[in-house]
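Okay, structure first, notes after.
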Amino acid sequence: MSLRCTANIAKHAATKIQGQGANHRAIQVACFHTRERAKLPFDQQNGSNGDNMGSKAFADCELGPVTDLFLQYAKKRNFEDERGSYLCLDGVKDLLESIGERRSEDTVAEFFRYADVNQDGKLHLDEFLVAADQVLGESPARIVLIVGGPGSGKGIMCSRLAAECNAVHLSSGDMLREEVEKGSYLGQEVADIMARGDLVSSALITALIRRKMRDYPGRRVLLDGFPRSLENARDFSELCGKPELALHLTCDDTILMERILKRSRENADGQVRSDDNIDTALKRLRNYHKYHAPTMAWLKEQHVPIVNLDVSGDPDSVWDQLLAIGRLMRPVTKL
């Protein structure tokens with residue numbers, strides 16, 4: 001059975017399974033095919049060699065550090081046999097936690113049991129990566145992109161949608177800051193980049209977003225402030241799948257500038273954002289326009305539905321536009 005066939009079977013099973021036992025049964029199905037593939041010669045398990053293992057579960061910027069962590073945990077425990085370094089159950093749990101995959105003990109135990117293709121109580125690197133591709137490598141959530149310039153009200157829109165529609169609001173900027181605070185291996189890399197004054201790479205941001213989205217399987221996720229460039233959009237599509245919708249918040253630049261400067265003067269708690277000043281605001285607007293048109297053109301090419309909303313009015317008027325669209329489409333959905 002080929003890797004593509006195996007992945008498609010696992011993906012089909014994972015997306016069809018619903019209810020409280022979904023995670024349990026998805027792991028069973030995915031890891032069954034992992035065991036079947038493991039019966040093949042090693043060079044037939046992932047094309048001509050094993051270089052592609054882990055590429056579905058982890059981005060290129062993650063795969064090296066994850067592999068290094070696996071080997072470090074194994075070395076720390078002196079776990080090595082004729083096949084190479086391996087981990088037992090506790091080591092796999094520690095490794096998953098260290099890379100941000102915080103799963104329950106029962107889930108980790110089940111993952112280990114079904115990924116342990118030789119049933120010897122040892123999980124070698126190849127077994128771990130193949131199982132990670134099957135279990136962690138699927139599109140983790142349904143994505144709605146919230147696209148708009150600085151001051152367009154993306155945060156306000158996302159907060160209301162999250163409260164009234166049971167959606168999950170994720171901000172790319174907040175995720176970067178949280179990762180740095182956690183001190184994870186990716187967070188440390190982000191902190192180093194920021195300390196140098198460099199820009200965080202598109203692949204790294206996308207990897208962090210996908211990792212966070214895995215906490216909300218099957219949920220609708222509102223992604224605020226991303227993608228910000230064509231590279232962002234392409235990386236996101238490759239790692240996370242095609243977005244189901246984009247809400248495009250449109251507004252005149254003059255109004256955006258007025259809102260940013262007003263926000264800097266009237267912040268209720270006295271905490272003014274460092275980017276709420278005229279020089280930085282102008283730079284943010286220039287960057288937004290530099291990358292905005294190519295990104296929107298790419299979304300259209302990918303046939304991602306785009307809903308344009310005029311956000312020049314107050315938040316209630318913008319919300320009324322969404323409600324009107326919902327009322328308009330309701331008869332169509334009943335056909």
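Within each chain, counting starts at residue 1; across the structure tokens, chains are named A, B, ... in the order shown, with ligands numbered 1 upward in that order.
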**Near-Ser172 in chain A list (12 Å; only C-alpha atoms; drop same-chain fewer than 3 positions) as a PyMOL selection string** = chain A and resi 145-146+155+169+175-179+200+202+204-213+222-228+232
**Request:** as a list of chain:residue names, please: all residues of range 144-237 of chain A that backbone DSSP puts in strand (DSSP E or B).
**Result:**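 Everything in range 144-237 of chain A that counts as strand (DSSP E or B) is A:Val144, A:Leu145, A:Ile146, A:Val147, A:Gly148, A:Val168, A:His169, A:Leu170, A:Ser171, A:Arg220, A:Val221, A:Leu222, A:Leu223, A:Asp224.
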Can you spit out the residues from that selection as a PDB file, in the first residue's frame, using N, CA, C and O atoms?
ATOM      1  N   VAL A 144     -11.293  30.129   8.638  1.00  0.00           N
ATOM      2  CA  VAL A 144     -11.832  31.350   8.047  1.00  0.00           C
ATOM      3  C   VAL A 144     -10.781  32.442   8.224  1.00  0.00           C
ATOM      4  O   VAL A 144     -10.383  32.736   9.355  1.00  0.00           O
ATOM      5  N   LEU A 145     -10.319  32.994   7.127  1.00  0.00           N
ATOM      6  CA  LEU A 145      -9.323  34.058   7.179  1.00  0.00           C
ATOM      7  C   LEU A 145     -10.017  35.401   7.370  1.00  0.00           C
ATOM      8  O   LEU A 145     -11.015  35.691   6.704  1.00  0.00           O
ATOM      9  N   ILE A 146      -9.492  36.225   8.272  1.00  0.00           N
ATOM     10  CA  ILE A 146      -9.990  37.587   8.480  1.00  0.00           C
ATOM     11  C   ILE A 146      -8.913  38.528   7.950  1.00  0.00           C
ATOM     12  O   ILE A 146      -7.868  38.711   8.576  1.00  0.00           O
ATOM     13  N   VAL A 147      -9.174  39.120   6.784  1.00  0.00           N
ATOM     14  CA  VAL A 147      -8.164  39.901   6.076  1.00  0.00           C
ATOM     15  C   VAL A 147      -8.568  41.374   6.086  1.00  0.00           C
ATOM     16  O   VAL A 147      -9.698  41.723   5.730  1.00  0.00           O
ATOM     17  N   GLY A 148      -7.648  42.240   6.487  1.00  0.00           N
ATOM     18  CA  GLY A 148      -7.927  43.683   6.502  1.00  0.00           C
ATOM     19  C   GLY A 148      -6.717  44.452   6.968  1.00  0.00           C
ATOM     20  O   GLY A 148      -5.793  43.897   7.575  1.00  0.00           O
ATOM     21  N   VAL A 168     -13.358  29.780  17.117  1.00  0.00           N
ATOM     22  CA  VAL A 168     -12.112  29.975  17.855  1.00  0.00           C
ATOM     23  C   VAL A 168     -11.342  31.103  17.190  1.00  0.00           C
ATOM     24  O   VAL A 168     -11.133  31.100  15.970  1.00  0.00           O
ATOM     25  N   HIS A 169     -10.928  32.088  17.971  1.00  0.00           N
ATOM     26  CA  HIS A 169     -10.194  33.243  17.451  1.00  0.00           C
ATOM     27  C   HIS A 169      -8.702  33.060  17.724  1.00  0.00           C
ATOM     28  O   HIS A 169      -8.285  32.942  18.871  1.00  0.00           O
ATOM     29  N   LEU A 170      -7.911  33.041  16.665  1.00  0.00           N
ATOM     30  CA  LEU A 170      -6.464  32.931  16.793  1.00  0.00           C
ATOM     31  C   LEU A 170      -5.802  34.119  16.112  1.00  0.00           C
ATOM     32  O   LEU A 170      -6.135  34.458  14.977  1.00  0.00           O
ATOM     33  N   SER A 171      -4.878  34.741  16.809  1.00  0.00           N
ATOM     34  CA  SER A 171      -4.106  35.855  16.264  1.00  0.00           C
ATOM     35  C   SER A 171      -2.659  35.400  16.087  1.00  0.00           C
ATOM     36  O   SER A 171      -2.056  34.869  17.021  1.00  0.00           O
ATOM     37  N   ARG A 220     -14.348  25.563  13.841  1.00  0.00           N
ATOM     38  CA  ARG A 220     -14.093  26.634  12.888  1.00  0.00           C
ATOM     39  C   ARG A 220     -13.169  27.651  13.561  1.00  0.00           C
ATOM     40  O   ARG A 220     -13.482  28.175  14.618  1.00  0.00           O
ATOM     41  N   VAL A 221     -12.037  27.910  12.909  1.00  0.00           N
ATOM     42  CA  VAL A 221     -11.017  28.796  13.468  1.00  0.00           C
ATOM     43  C   VAL A 221     -10.967  30.086  12.663  1.00  0.00           C
ATOM     44  O   VAL A 221     -10.880  30.065  11.429  1.00  0.00           O
ATOM     45  N   LEU A 222     -11.038  31.219  13.352  1.00  0.00           N
ATOM     46  CA  LEU A 222     -10.913  32.536  12.740  1.00  0.00           C
ATOM     47  C   LEU A 222      -9.465  32.973  12.854  1.00  0.00           C
ATOM     48  O   LEU A 222      -8.957  33.180  13.959  1.00  0.00           O
ATOM     49  N   LEU A 223      -8.803  33.098  11.733  1.00  0.00           N
ATOM     50  CA  LEU A 223      -7.382  33.442  11.738  1.00  0.00           C
ATOM     51  C   LEU A 223      -7.235  34.925  11.449  1.00  0.00           C
ATOM     52  O   LEU A 223      -7.473  35.396  10.334  1.00  0.00           O
ATOM     53  N   ASP A 224      -6.816  35.654  12.455  1.00  0.00           N
ATOM     54  CA  ASP A 224      -6.758  37.113  12.442  1.00  0.00           C
ATOM     55  C   ASP A 224      -5.357  37.578  12.052  1.00  0.00           C
ATOM     56  O   ASP A 224      -4.373  37.218  12.686  1.00  0.00           O
TER      57      ASP A 224
END
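Here CA of Leu161 in chain A stands at a distance of 17.6 Å from CA of Gly313 in chain A.
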**Item:** range 90-304 of chain A: residues DSSP assigns to alpha helix (DSSP H), reported as a ChimeraX atom specification
**Value:** /A:90-98,105-115,125-136,154-165,172-182,185-196,202-213,230-240,253-266,278-301
